[in-house]
$ cat model-v1.txt   # compact mmCIF, C-alpha atoms and all ligand atoms
# COMPACT_ATOMS: atom_id res chain seq x y z
CA MET A 2 14.10 -36.92 17.87
CA THR A 3 13.07 -37.27 14.25
CA PRO A 4 11.22 -34.15 13.08
CA LEU A 5 7.46 -34.62 12.84
CA ALA A 6 6.11 -35.34 9.37
CA ILE A 7 3.13 -33.16 8.49
CA GLU A 8 0.85 -34.07 5.62
CA LEU A 9 -1.76 -31.69 4.27
CA VAL A 10 -5.17 -33.26 3.55
CA PRO A 11 -7.61 -31.12 1.52
CA CYS A 12 -11.22 -31.70 2.66
CA LEU A 13 -14.67 -30.43 1.62
CA SER A 14 -14.40 -27.41 -0.70
CA ASP A 15 -11.66 -25.40 1.00
CA ASN A 16 -10.79 -27.03 4.34
CA TYR A 17 -7.42 -28.41 5.35
CA ALA A 18 -6.92 -31.26 7.78
CA TYR A 19 -3.34 -32.24 8.70
CA LEU A 20 -1.77 -35.56 9.55
CA VAL A 21 1.03 -35.23 12.09
CA HIS A 22 3.21 -38.30 12.29
CA ASP A 23 5.89 -39.07 14.84
CA LYS A 24 8.21 -41.67 13.35
CA ASP A 25 9.91 -42.41 16.68
CA THR A 26 6.74 -43.48 18.50
CA GLY A 27 4.46 -44.37 15.56
CA LEU A 28 1.85 -41.93 16.85
CA CYS A 29 -0.24 -40.12 14.25
CA ALA A 30 -2.68 -37.27 14.90
CA VAL A 31 -5.12 -35.63 12.54
CA VAL A 32 -5.91 -31.95 13.11
CA ASP A 33 -9.46 -30.79 12.32
CA PRO A 34 -10.80 -33.67 10.20
CA SER A 35 -13.77 -32.17 8.33
CA GLU A 36 -14.70 -35.57 6.95
CA ALA A 37 -13.31 -39.07 7.26
CA PRO A 38 -12.76 -40.35 3.67
CA PRO A 39 -9.88 -38.08 2.53
CA VAL A 40 -8.18 -38.56 5.92
CA LYS A 41 -8.42 -42.35 5.62
CA LYS A 42 -7.10 -42.20 2.11
CA ALA A 43 -4.10 -40.10 3.18
CA LEU A 44 -3.39 -42.44 6.12
CA ALA A 45 -3.46 -45.46 3.81
CA ALA A 46 -1.17 -43.78 1.29
CA LYS A 47 1.37 -43.06 4.03
CA GLY A 48 0.91 -46.34 5.89
CA TRP A 49 0.24 -44.44 9.13
CA LYS A 50 -2.21 -45.53 11.83
CA LEU A 51 -4.36 -42.84 13.44
CA THR A 52 -3.99 -42.50 17.22
CA HIS A 53 -5.25 -38.97 17.96
CA ILE A 54 -7.77 -36.45 16.68
CA LEU A 55 -7.07 -32.81 17.54
CA ASN A 56 -9.76 -30.14 17.20
CA THR A 57 -9.12 -26.39 17.29
CA HIS A 58 -12.83 -25.58 17.67
CA HIS A 59 -16.23 -27.24 17.50
CA HIS A 60 -17.41 -26.19 14.01
CA PHE A 61 -18.64 -29.10 11.95
CA ASP A 62 -16.22 -28.42 9.10
CA HIS A 63 -13.43 -29.19 11.61
CA THR A 64 -14.99 -32.06 13.53
CA GLY A 65 -17.25 -33.77 10.98
CA GLY A 66 -14.87 -36.74 10.64
CA ASN A 67 -14.34 -37.22 14.41
CA VAL A 68 -16.84 -39.97 15.13
CA ALA A 69 -16.14 -42.12 12.07
CA LEU A 70 -12.38 -41.92 12.60
CA LYS A 71 -12.66 -42.63 16.32
CA GLU A 72 -14.80 -45.69 15.55
CA GLU A 73 -12.48 -47.00 12.93
CA PHE A 74 -9.13 -46.39 14.66
CA GLY A 75 -10.02 -46.03 18.33
CA ALA A 76 -8.31 -42.64 18.20
CA GLU A 77 -8.42 -40.29 21.19
CA ILE A 78 -10.21 -36.96 20.63
CA VAL A 79 -8.43 -33.92 22.08
CA GLY A 80 -10.03 -30.47 22.03
CA PRO A 81 -10.85 -27.33 24.01
CA GLY A 82 -11.82 -28.46 27.52
CA LYS A 83 -13.72 -25.21 28.05
CA ASP A 84 -16.09 -26.20 25.25
CA ARG A 85 -16.77 -29.81 26.24
CA ASP A 86 -20.55 -29.43 25.73
CA ARG A 87 -20.17 -28.71 22.07
CA PHE A 88 -17.98 -31.74 21.25
CA ALA A 89 -19.35 -35.19 20.70
CA GLY A 90 -17.02 -37.81 22.16
CA LEU A 91 -14.29 -35.47 23.45
CA ASP A 92 -11.85 -37.65 25.42
CA THR A 93 -9.30 -35.12 26.57
CA GLY A 94 -10.08 -31.45 27.20
CA VAL A 95 -7.08 -29.15 27.08
CA ASP A 96 -6.40 -25.47 27.65
CA GLU A 97 -3.46 -23.14 28.18
CA SER A 98 -2.84 -24.36 31.70
CA THR A 99 -2.95 -28.09 30.91
CA GLY A 100 -1.08 -28.09 27.61
CA TRP A 101 -0.73 -31.52 26.09
CA SER A 102 1.92 -33.95 25.01
CA PHE A 103 2.27 -36.01 21.87
CA GLY A 104 4.61 -38.91 22.41
CA GLY A 105 7.49 -37.28 24.22
CA ARG A 106 6.83 -33.89 22.71
CA LYS A 107 5.43 -30.95 24.60
CA VAL A 108 2.42 -29.44 22.81
CA ARG A 109 1.58 -25.88 23.72
CA VAL A 110 -2.14 -25.07 23.75
CA MET A 111 -2.86 -21.41 23.08
CA GLU A 112 -6.34 -20.03 23.75
CA ILE A 113 -7.21 -17.78 20.83
CA PRO A 114 -10.93 -16.90 21.07
CA ALA A 115 -13.07 -14.73 18.74
CA HIS A 116 -13.96 -17.07 15.85
CA THR A 117 -15.48 -19.19 18.63
CA SER A 118 -15.31 -18.47 22.34
CA SER A 119 -12.97 -21.36 23.12
CA HIS A 120 -10.92 -21.69 19.94
CA ILE A 121 -7.43 -23.03 20.58
CA ALA A 122 -4.21 -23.48 18.62
CA PHE A 123 -1.87 -26.44 19.00
CA ILE A 124 1.81 -25.60 18.80
CA VAL A 125 4.35 -28.37 18.53
CA ASP A 126 8.00 -27.84 17.63
CA ASP A 127 7.95 -25.18 14.87
CA ALA A 128 4.37 -25.92 13.73
CA ALA A 129 1.27 -23.99 14.82
CA PHE A 130 -2.19 -25.27 13.91
CA THR A 131 -4.32 -22.14 13.94
CA GLY A 132 -7.71 -23.48 12.80
CA ASP A 133 -10.05 -20.65 11.80
CA THR A 134 -8.23 -17.88 13.66
CA LEU A 135 -5.28 -17.15 11.37
CA PHE A 136 -5.19 -17.81 7.61
CA ALA A 137 -2.76 -16.82 4.89
CA MET A 138 -3.36 -13.06 4.57
CA GLY A 139 -6.44 -13.02 6.78
CA CYS A 140 -8.18 -14.02 9.96
CA GLY A 141 -11.37 -15.92 10.69
CA ARG A 142 -14.86 -14.53 11.04
CA LEU A 143 -15.84 -13.15 14.43
CA PHE A 144 -18.70 -15.44 15.37
CA GLU A 145 -18.22 -15.33 19.13
CA GLY A 146 -15.88 -12.45 19.88
CA THR A 147 -15.26 -8.77 19.22
CA PRO A 148 -12.52 -7.33 16.99
CA ALA A 149 -10.59 -6.50 20.18
CA VAL A 150 -10.72 -10.15 21.27
CA MET A 151 -9.55 -11.28 17.82
CA TRP A 152 -6.73 -8.75 17.93
CA SER A 153 -5.60 -10.05 21.29
CA SER A 154 -5.68 -13.62 19.93
CA LEU A 155 -3.69 -12.64 16.83
CA SER A 156 -1.24 -10.74 19.04
CA LYS A 157 -0.67 -13.91 21.03
CA LEU A 158 0.15 -15.78 17.82
CA MET A 159 2.54 -12.99 16.88
CA THR A 160 4.64 -13.82 19.94
CA LEU A 161 5.62 -17.13 18.32
CA PRO A 162 9.11 -17.23 16.76
CA ASP A 163 9.32 -15.91 13.17
CA ALA A 164 10.32 -19.36 11.94
CA THR A 165 6.99 -20.85 13.07
CA ARG A 166 5.12 -22.62 10.29
CA ILE A 167 1.40 -21.83 10.26
CA PHE A 168 -1.04 -24.60 9.33
CA CYS A 169 -4.47 -23.02 8.95
CA GLY A 170 -7.97 -24.45 8.61
CA HIS A 171 -8.96 -23.19 5.19
CA GLU A 172 -7.52 -22.27 1.83
CA TYR A 173 -8.55 -18.61 1.57
CA THR A 174 -5.31 -17.18 0.18
CA GLN A 175 -6.66 -16.22 -3.23
CA SER A 176 -9.77 -14.46 -1.90
CA ASN A 177 -7.86 -12.77 0.92
CA GLY A 178 -5.29 -11.58 -1.57
CA GLN A 179 -7.63 -9.70 -3.87
CA HIS A 180 -6.27 -6.24 -4.57
CA VAL A 181 -7.94 -3.08 -3.35
CA GLY A 182 -10.02 -1.59 -6.14
CA ASN A 183 -11.17 1.95 -6.75
CA ALA A 184 -14.79 1.43 -5.82
CA ALA A 185 -17.27 3.45 -7.81
CA GLY A 186 -18.78 6.16 -5.64
CA SER A 187 -15.82 6.23 -3.28
CA PHE A 188 -15.86 10.05 -3.31
CA ALA A 189 -18.55 10.98 -0.78
CA GLY A 190 -18.45 14.74 -1.28
CA SER A 191 -16.63 17.91 -0.37
CA TYR A 192 -17.15 20.43 2.37
CA VAL A 193 -15.70 23.91 2.57
CA ASP A 194 -14.99 25.15 6.07
CA THR A 195 -15.82 28.85 6.01
CA THR A 196 -15.94 29.37 9.76
CA SER A 197 -12.54 31.10 9.86
CA ALA A 198 -9.60 31.87 7.61
CA PRO A 199 -7.03 29.05 7.67
CA PRO A 200 -3.75 29.78 9.46
CA SER A 201 -1.02 30.65 6.94
CA LYS A 202 1.27 27.93 8.34
CA PRO A 203 -1.03 25.30 9.85
CA THR A 204 0.46 22.78 12.25
CA GLN A 205 -0.19 19.07 12.04
CA ALA A 206 -2.51 19.39 15.08
CA GLN A 207 -4.51 22.11 13.33
CA LEU A 208 -4.82 20.01 10.17
CA ALA A 209 -5.95 17.01 12.20
CA ALA A 210 -8.53 19.20 13.95
CA GLU A 211 -9.87 20.21 10.54
CA ALA A 212 -10.26 16.53 9.62
CA VAL A 213 -12.16 15.96 12.86
CA LYS A 214 -14.51 18.79 11.87
CA ALA A 215 -15.12 17.12 8.52
CA ALA A 216 -15.84 13.80 10.21
CA ALA A 217 -18.41 15.56 12.41
CA HIS A 218 -19.89 17.18 9.29
CA TYR A 219 -20.32 13.82 7.57
CA GLY A 220 -21.02 11.93 10.81
CA ASP A 221 -18.86 9.04 9.66
CA TYR A 222 -16.14 7.89 12.06
CA SER A 223 -15.88 4.44 10.53
CA THR A 224 -12.62 2.89 9.41
CA SER A 225 -13.77 2.94 5.78
CA ALA A 226 -13.99 6.74 5.73
CA ALA A 227 -10.94 8.88 4.91
CA TYR A 228 -10.88 12.68 5.23
CA ILE A 229 -8.72 14.76 2.95
CA VAL A 230 -7.79 18.24 4.13
CA ALA A 231 -7.20 20.09 0.86
CA LEU A 232 -5.44 23.39 1.52
CA PRO A 233 -6.01 26.46 -0.62
CA HIS A 234 -3.34 28.33 -2.61
CA GLY A 235 -0.91 30.23 -0.44
CA ILE A 236 -1.31 28.14 2.71
CA VAL A 237 2.05 26.47 3.26
CA PRO A 238 2.35 24.20 6.30
CA SER A 239 5.84 23.77 7.67
CA GLY A 240 7.90 21.20 5.76
CA PHE A 241 5.68 21.32 2.65
CA GLY A 242 7.83 21.10 -0.49
CA THR A 243 11.01 20.60 1.48
CA GLN A 244 10.27 17.54 3.62
CA TYR A 245 7.07 16.24 2.06
CA CYS A 246 4.51 16.91 -0.63
CA ALA A 247 1.52 15.41 1.18
CA TYR A 248 1.03 12.89 3.95
CA HIS A 249 -1.64 10.80 5.55
CA SER A 250 -2.19 10.10 9.19
CA SER A 251 -4.87 9.22 11.73
CA THR A 252 -6.27 10.99 14.76
CA ALA A 253 -8.70 10.45 17.61
CA ALA A 254 -12.22 11.79 17.02
CA ALA A 255 -15.31 11.28 19.19
CA GLY A 256 -14.01 8.03 20.63
CA HIS A 257 -12.90 6.69 17.25
CA THR A 258 -9.80 6.86 15.13
CA ILE A 259 -10.26 8.54 11.76
CA ALA A 260 -7.95 8.46 8.77
CA TRP A 261 -7.00 11.81 7.29
CA THR A 262 -4.68 13.19 4.65
CA ASN A 263 -2.91 16.51 4.35
CA ASP A 264 -3.07 17.53 0.69
CA PRO A 265 -1.50 20.99 0.35
CA TYR A 266 -1.81 23.15 -2.78
CA LEU A 267 0.93 21.44 -4.82
CA PRO A 268 1.43 24.02 -7.59
CA ASP A 269 2.63 26.44 -4.89
CA VAL A 270 5.90 24.50 -4.65
CA GLY A 271 6.27 23.67 -8.36
CA SER A 272 8.73 21.03 -9.48
CA SER A 273 9.70 19.99 -5.97
CA CYS A 274 6.33 18.22 -5.79
CA GLY A 275 6.03 16.95 -9.32
CA ALA A 276 5.12 19.91 -11.55
CA GLY A 277 6.44 19.25 -15.06
CA SER A 278 7.62 15.76 -14.24
CA VAL A 279 5.63 14.18 -17.10
CA ASN A 280 4.08 16.93 -19.24
CA SER A 281 5.14 20.40 -20.31
CA PRO A 282 4.46 22.64 -18.57
CA GLY A 283 2.65 20.03 -16.46
CA THR A 284 1.64 22.49 -13.75
CA LEU A 285 -0.74 19.95 -12.25
CA ASP A 286 1.34 16.77 -12.79
CA GLY A 287 2.12 16.49 -9.09
CA VAL A 288 -1.55 16.62 -8.13
CA SER A 289 -2.47 13.22 -9.53
CA ILE A 290 0.97 11.71 -8.82
CA VAL A 291 1.20 12.77 -5.18
CA PHE A 292 -2.46 12.51 -4.25
CA GLY A 293 -2.73 9.14 -6.02
CA HIS A 294 0.22 8.01 -3.92
CA GLU A 295 -1.54 9.18 -0.74
CA GLN A 296 -4.85 7.63 -1.74
CA GLY A 297 -3.17 4.29 -2.42
CA GLU A 298 -1.54 4.39 0.99
CA THR A 299 -4.67 5.58 2.79
CA GLU A 300 -6.57 2.62 1.38
CA THR A 301 -3.89 0.08 2.27
CA ASP A 302 -2.74 1.57 5.58
CA PRO A 303 -5.48 3.94 6.77
CA GLN A 304 -4.16 4.17 10.31
CA PRO A 305 -0.39 4.21 9.95
CA ASN A 306 1.30 1.87 10.62
CA SER A 307 -1.31 -0.80 11.15
CA GLY A 308 -1.99 -1.82 7.55
CA TRP A 309 0.19 -2.84 4.64
CA LEU A 310 3.88 -2.20 5.16
CA ASP A 311 6.85 -4.02 3.71
CA SER A 312 9.47 -5.65 5.91
CA SER A 313 11.41 -2.39 6.15
CA GLY A 314 8.35 -0.36 7.10
CA ALA A 315 7.69 1.29 3.71
CA GLU A 316 4.08 1.86 2.69
CA ASN A 317 2.66 0.91 -0.68
CA GLY A 318 3.26 4.24 -2.45
CA ASP A 319 6.69 4.84 -0.92
CA LYS A 320 8.07 1.74 -2.59
CA CYS A 321 7.39 3.15 -6.05
CA ALA A 322 7.56 6.92 -5.47
CA TRP A 323 8.85 9.08 -8.36
CA THR A 324 9.58 6.08 -10.57
CA ASN A 325 8.18 5.35 -14.04
CA LEU A 326 5.81 8.31 -14.00
CA GLU A 327 3.47 8.37 -16.98
CA ASN A 328 0.16 9.67 -18.27
CA ASN A 329 -1.93 6.74 -17.14
CA PRO A 330 -4.85 5.66 -19.35
CA ASN A 331 -6.26 3.81 -16.33
CA ALA A 332 -6.36 7.06 -14.38
CA GLY A 333 -8.16 9.19 -16.95
CA GLY A 334 -4.90 10.00 -18.74
CA TYR A 335 -3.53 11.93 -15.77
CA PRO A 336 0.04 11.28 -14.71
CA THR A 337 0.52 8.77 -11.90
CA GLN A 338 3.29 6.89 -10.18
CA PRO A 339 3.06 3.10 -9.99
CA LEU A 340 1.95 1.37 -6.79
CA TRP A 341 3.37 -1.80 -5.30
CA SER A 342 1.80 -5.10 -6.35
CA ASN A 343 2.43 -8.23 -4.30
CA ALA A 344 1.11 -10.31 -7.22
CA ASN A 345 3.69 -8.80 -9.59
CA ASN A 346 6.35 -8.44 -6.92
CA GLY A 347 7.02 -4.99 -8.32
CA CYS A 348 5.68 -1.53 -9.08
CA VAL A 349 2.78 -1.42 -11.52
CA GLN A 350 0.70 1.32 -13.18
CA SER A 351 -2.25 -1.00 -13.67
CA TYR A 352 -3.31 -4.40 -12.44
ZN ZN B 1 -14.85 -22.39 12.15
ZN ZN B 2 -13.81 -23.62 9.28

$ encode --input "model-v1.txt" --output "C-alpha cells"
Amino acid sequence: MTPLAIELVPCLSDNYAYLVHDKDTGLCAVVDPSEAPPVKKALAAKGWKLTHILNTHHHFDHTGGNVALKEEFGAEIVGPGKDRDRFAGLDTGVDESTGWSFGGRKVRVMEIPAHTSSHIAFIVDDAAFTGDTLFAMGCGRLFEGTPAVMWSSLSKLMTLPDATRIFCGHEYTQSNGQHVGNAAGSFAGSYVDTTSAPPSKPTQAQLAAEAVKAAAHYGDYSTSAAYIVALPHGIVPSGFGTQYCAYHSSTAAAGHTIAWTNDPYLPDVGSSCGAGSVNSPGTLDGVSIVFGHEQGETETDPQPNSGWLDSSGAENGDKCAWTNLENNPNAGGYPTQPLWSNANNGCVQSY
C-alpha cells in the first residue's frame, strides 16, 4: 500500500483542515473543513477529487464547509454517530465500536470527550486527527466535560505509539508556548505558625503537615497556590545540606492536592548550598539561587511529576542547576542560576 498523502489546509484565522489522499484507490477525505473555498483550492492544486468529509466534532469551525463540499463533490459525511442531531447531513455515524474504513485501510475511531461530549479522533496508519482535543503544547477548552474527562481522553491518546503523527484542529502553538512569567502580586503573604516550637529535625510528613496548616490559614487549595515552608535558623531536617538544599512536593489537603516547598535556613549549611558561590562573602547567595530554582520548578511542575519534565525526567531548574551563576539584574541584582528555556533550547538567565 502506498502511504497516505496528507495535505494541511489552513482555514479561517487559525483552523487546520487536512486532505487525506489514498493514491491506490483515488479516495480523498477532508478532515474538519471549516470552510469550502481553501479546501477546493487545495484539491484543485493537487488534482484530487473529494470523496469523504470527516468531522471530529460538530463545532461550526470544523463543519462549516460540509454542505458546500458535499453538494459540489457528492462526498460522504462521516462523524460521531452519538451526536447525529448536531450534524447537518451526516451520512455515516461512527464510534469506537464501529470504527471505519477508508479504502482498504482500517480507521480507528477513538472517543475523546470533554471539548464536546461526543468528540472523536480518527486514527489511520501513523496519523491521528485529534480535532480540538489535543493541540501542540495544549488541549482544547472544556465546553462539555470536566477536567477529569479531558484527562481520561488525553490518556487514551497517550496510548498511541510514540511515532504517531498528531494532526490537530487549530494552530495554537505560539500562544500555548508562552513562557511562565513572574506575575506581579504573586506573593500572597506570610504566616508564622506560633502554635508550637518546630521539631529540631522535621520529617517530610511534618513539613507537609505545616503546608496543610498554611493552606487552611489562607483557605486556598487551588492549583495556582503554592505554600513555602520556610524553616528558621537551627532547624535542620534530615538530608538538608547533604542530599538537598530545598525541594518542592505536593500533598493531599482537604480533598485537594496542594503544592508545597521545603525551604530550610540555607546559611546554616554554608557553601554546600550556595553561600559564597557568586559574591564574597556571599552568605545569602544560596537563598536566591536555590529558592529561585524551587520557585521555577514549582511554577512549571507544581505537583511533581505532572508538569514540565524533560525526556529524562529532569525538572526545569535541575537542568541548569549550579551553572553560570551570576548577580542577575532581572532578579533585583541577586544571584540566580539560569532556568531551562525551550525557545532557546538551553539555560537562560533572562528571556
Ligand atoms: Zn471545537
Ligand atoms: Zn475548533

$ residues_around --input "model-v1.txt" --residues "Phe241 in chain A" --least-positions-apart "3" --cutoff "12 Å" --atoms "all atoms listed in the file" --output "list in words"
Lys202, Pro203, Thr204, Gln205, Leu232, Gly235, Ile236, Val237, Pro238, Gln244, Tyr245, Cys246, Ala247, Tyr248, Asn263, Asp264, Pro265, Tyr266, Leu267, Pro268, Asp269, Val270, Gly271, Ser273 and Cys274 of chain A

$ residues_near_ligand --input "model-v1.txt" --ligand "ligand ZN 2 (chain B)" --cutoff "9 Å" --atoms "only C-alpha atoms and all ligand atoms" --output "tab-separated table (two decimals) with C-alpha atoms, in the coordinates of the input"
chain	number	residue	atom	x	y	z
A	15	ASP	CA	-11.66	-25.40	1.00
A	16	ASN	CA	-10.79	-27.03	4.34
A	17	TYR	CA	-7.42	-28.41	5.35
A	33	ASP	CA	-9.46	-30.79	12.32
A	35	SER	CA	-13.77	-32.17	8.33
A	58	HIS	CA	-12.83	-25.58	17.67
A	60	HIS	CA	-17.41	-26.19	14.01
A	61	PHE	CA	-18.64	-29.10	11.95
A	62	ASP	CA	-16.22	-28.42	9.10
A	63	HIS	CA	-13.43	-29.19	11.61
A	132	GLY	CA	-7.71	-23.48	12.80
A	133	ASP	CA	-10.05	-20.65	11.80
A	141	GLY	CA	-11.37	-15.92	10.69
A	170	GLY	CA	-7.97	-24.45	8.61
A	171	HIS	CA	-8.96	-23.19	5.19

$ residues_around --input "model-v1.txt" --residues "Trp309 in chain A" --least-positions-apart "3" --cutoff "12 Å" --atoms "only C-alpha atoms" --output "PyMOL selection string"
chain A and resi 138+180-181+297-306+312-320+341-343

$ residues_around --input "model-v1.txt" --residues "range 28-32 of chain A" --least-positions-apart "4" --cutoff "7 Å" --atoms "only C-alpha atoms" --output "PyMOL selection string"
chain A and resi 18-23+49-56+104

$ residues_around --input "model-v1.txt" --residues "Pro39 in chain A" --least-positions-apart "2" --cutoff "10 Å" --atoms "all atoms listed in the file" --output "JSON, numbers by chain"
{"A": [10, 11, 12, 13, 18, 34, 35, 36, 37, 41, 42, 43, 44, 45, 66]}

$ atom_distance --input "model-v1.txt" --atom1 "CA of Phe88 in chain A" --atom2 "CA of Ala76 in chain A"
14.9 Å

$ closest_residue --input "model-v1.txt" --among "A:Cys169, A:Ala128, A:Leu70, A:Val291" --to "ligand ZN 1 (chain B)" --atoms "only C-alpha atoms and all ligand atoms"
A:Cys169

$ residues_around --input "model-v1.txt" --residues "range 254-256 of chain A" --least-positions-apart "3" --cutoff "10 Å" --atoms "all atoms listed in the file" --output "PDB file with C-alpha atoms, keeping the file's coordinate frame"
ATOM      1  CA  ALA A 209      -5.950  17.010  12.200  1.00  0.00           C
ATOM      2  CA  ALA A 210      -8.530  19.200  13.950  1.00  0.00           C
ATOM      3  CA  ALA A 212     -10.260  16.530   9.620  1.00  0.00           C
ATOM      4  CA  VAL A 213     -12.160  15.960  12.860  1.00  0.00           C
ATOM      5  CA  LYS A 214     -14.510  18.790  11.870  1.00  0.00           C
ATOM      6  CA  ALA A 216     -15.840  13.800  10.210  1.00  0.00           C
ATOM      7  CA  ALA A 217     -18.410  15.560  12.410  1.00  0.00           C
ATOM      8  CA  TYR A 222     -16.140   7.890  12.060  1.00  0.00           C
ATOM      9  CA  SER A 251      -4.870   9.220  11.730  1.00  0.00           C
ATOM     10  CA  ILE A 259     -10.260   8.540  11.760  1.00  0.00           C
ATOM     11  CA  ALA A 260      -7.950   8.460   8.770  1.00  0.00           C
TER      12      ALA A 260
END

$ decode --input "model-v1.txt" --residues "range 206-221 of chain A" --atoms "N, CA and C atoms" --output "PDB file, in the first residue's frame"
ATOM      1  N   ALA A 206       6.882  14.367  56.383  1.00  0.00           N
ATOM      2  CA  ALA A 206       5.451  14.361  56.724  1.00  0.00           C
ATOM      3  C   ALA A 206       5.115  15.565  57.609  1.00  0.00           C
ATOM      4  N   GLN A 207       6.020  15.902  58.527  1.00  0.00           N
ATOM      5  CA  GLN A 207       5.760  17.058  59.391  1.00  0.00           C
ATOM      6  C   GLN A 207       5.785  18.362  58.604  1.00  0.00           C
ATOM      7  N   LEU A 208       6.694  18.449  57.633  1.00  0.00           N
ATOM      8  CA  LEU A 208       6.763  19.653  56.798  1.00  0.00           C
ATOM      9  C   LEU A 208       5.509  19.772  55.941  1.00  0.00           C
ATOM     10  N   ALA A 209       5.062  18.644  55.387  1.00  0.00           N
ATOM     11  CA  ALA A 209       3.842  18.663  54.575  1.00  0.00           C
ATOM     12  C   ALA A 209       2.649  19.081  55.428  1.00  0.00           C
ATOM     13  N   ALA A 210       2.612  18.605  56.675  1.00  0.00           N
ATOM     14  CA  ALA A 210       1.506  18.961  57.574  1.00  0.00           C
ATOM     15  C   ALA A 210       1.496  20.468  57.836  1.00  0.00           C
ATOM     16  N   GLU A 211       2.681  21.047  57.909  1.00  0.00           N
ATOM     17  CA  GLU A 211       2.781  22.501  58.120  1.00  0.00           C
ATOM     18  C   GLU A 211       2.222  23.255  56.901  1.00  0.00           C
ATOM     19  N   ALA A 212       2.497  22.721  55.701  1.00  0.00           N
ATOM     20  CA  ALA A 212       1.954  23.343  54.484  1.00  0.00           C
ATOM     21  C   ALA A 212       0.427  23.249  54.468  1.00  0.00           C
ATOM     22  N   VAL A 213      -0.098  22.131  54.956  1.00  0.00           N
ATOM     23  CA  VAL A 213      -1.551  21.961  55.004  1.00  0.00           C
ATOM     24  C   VAL A 213      -2.165  23.002  55.952  1.00  0.00           C
ATOM     25  N   LYS A 214      -1.457  23.254  57.063  1.00  0.00           N
ATOM     26  CA  LYS A 214      -1.923  24.290  58.003  1.00  0.00           C
ATOM     27  C   LYS A 214      -1.972  25.655  57.321  1.00  0.00           C
ATOM     28  N   ALA A 215      -0.944  25.943  56.544  1.00  0.00           N
ATOM     29  CA  ALA A 215      -0.902  27.239  55.840  1.00  0.00           C
ATOM     30  C   ALA A 215      -2.038  27.332  54.821  1.00  0.00           C
ATOM     31  N   ALA A 216      -2.310  26.229  54.139  1.00  0.00           N
ATOM     32  CA  ALA A 216      -3.405  26.244  53.163  1.00  0.00           C
ATOM     33  C   ALA A 216      -4.727  26.521  53.873  1.00  0.00           C
ATOM     34  N   ALA A 217      -4.899  25.931  55.061  1.00  0.00           N
ATOM     35  CA  ALA A 217      -6.128  26.175  55.831  1.00  0.00           C
ATOM     36  C   ALA A 217      -6.181  27.644  56.253  1.00  0.00           C
ATOM     37  N   HIS A 218      -5.014  28.184  56.643  1.00  0.00           N
ATOM     38  CA  HIS A 218      -4.947  29.589  57.056  1.00  0.00           C
ATOM     39  C   HIS A 218      -5.394  30.519  55.923  1.00  0.00           C
ATOM     40  N   TYR A 219      -4.902  30.231  54.715  1.00  0.00           N
ATOM     41  CA  TYR A 219      -5.245  31.095  53.574  1.00  0.00           C
ATOM     42  C   TYR A 219      -6.535  30.648  52.887  1.00  0.00           C
ATOM     43  N   GLY A 220      -6.975  29.431  53.171  1.00  0.00           N
ATOM     44  CA  GLY A 220      -8.221  28.934  52.579  1.00  0.00           C
ATOM     45  C   GLY A 220      -8.128  28.742  51.075  1.00  0.00           C
ATOM     46  N   ASP A 221      -6.910  28.554  50.586  1.00  0.00           N
ATOM     47  CA  ASP A 221      -6.752  28.389  49.129  1.00  0.00           C
ATOM     48  C   ASP A 221      -6.119  27.029  48.835  1.00  0.00           C
TER      49      ASP A 221
END
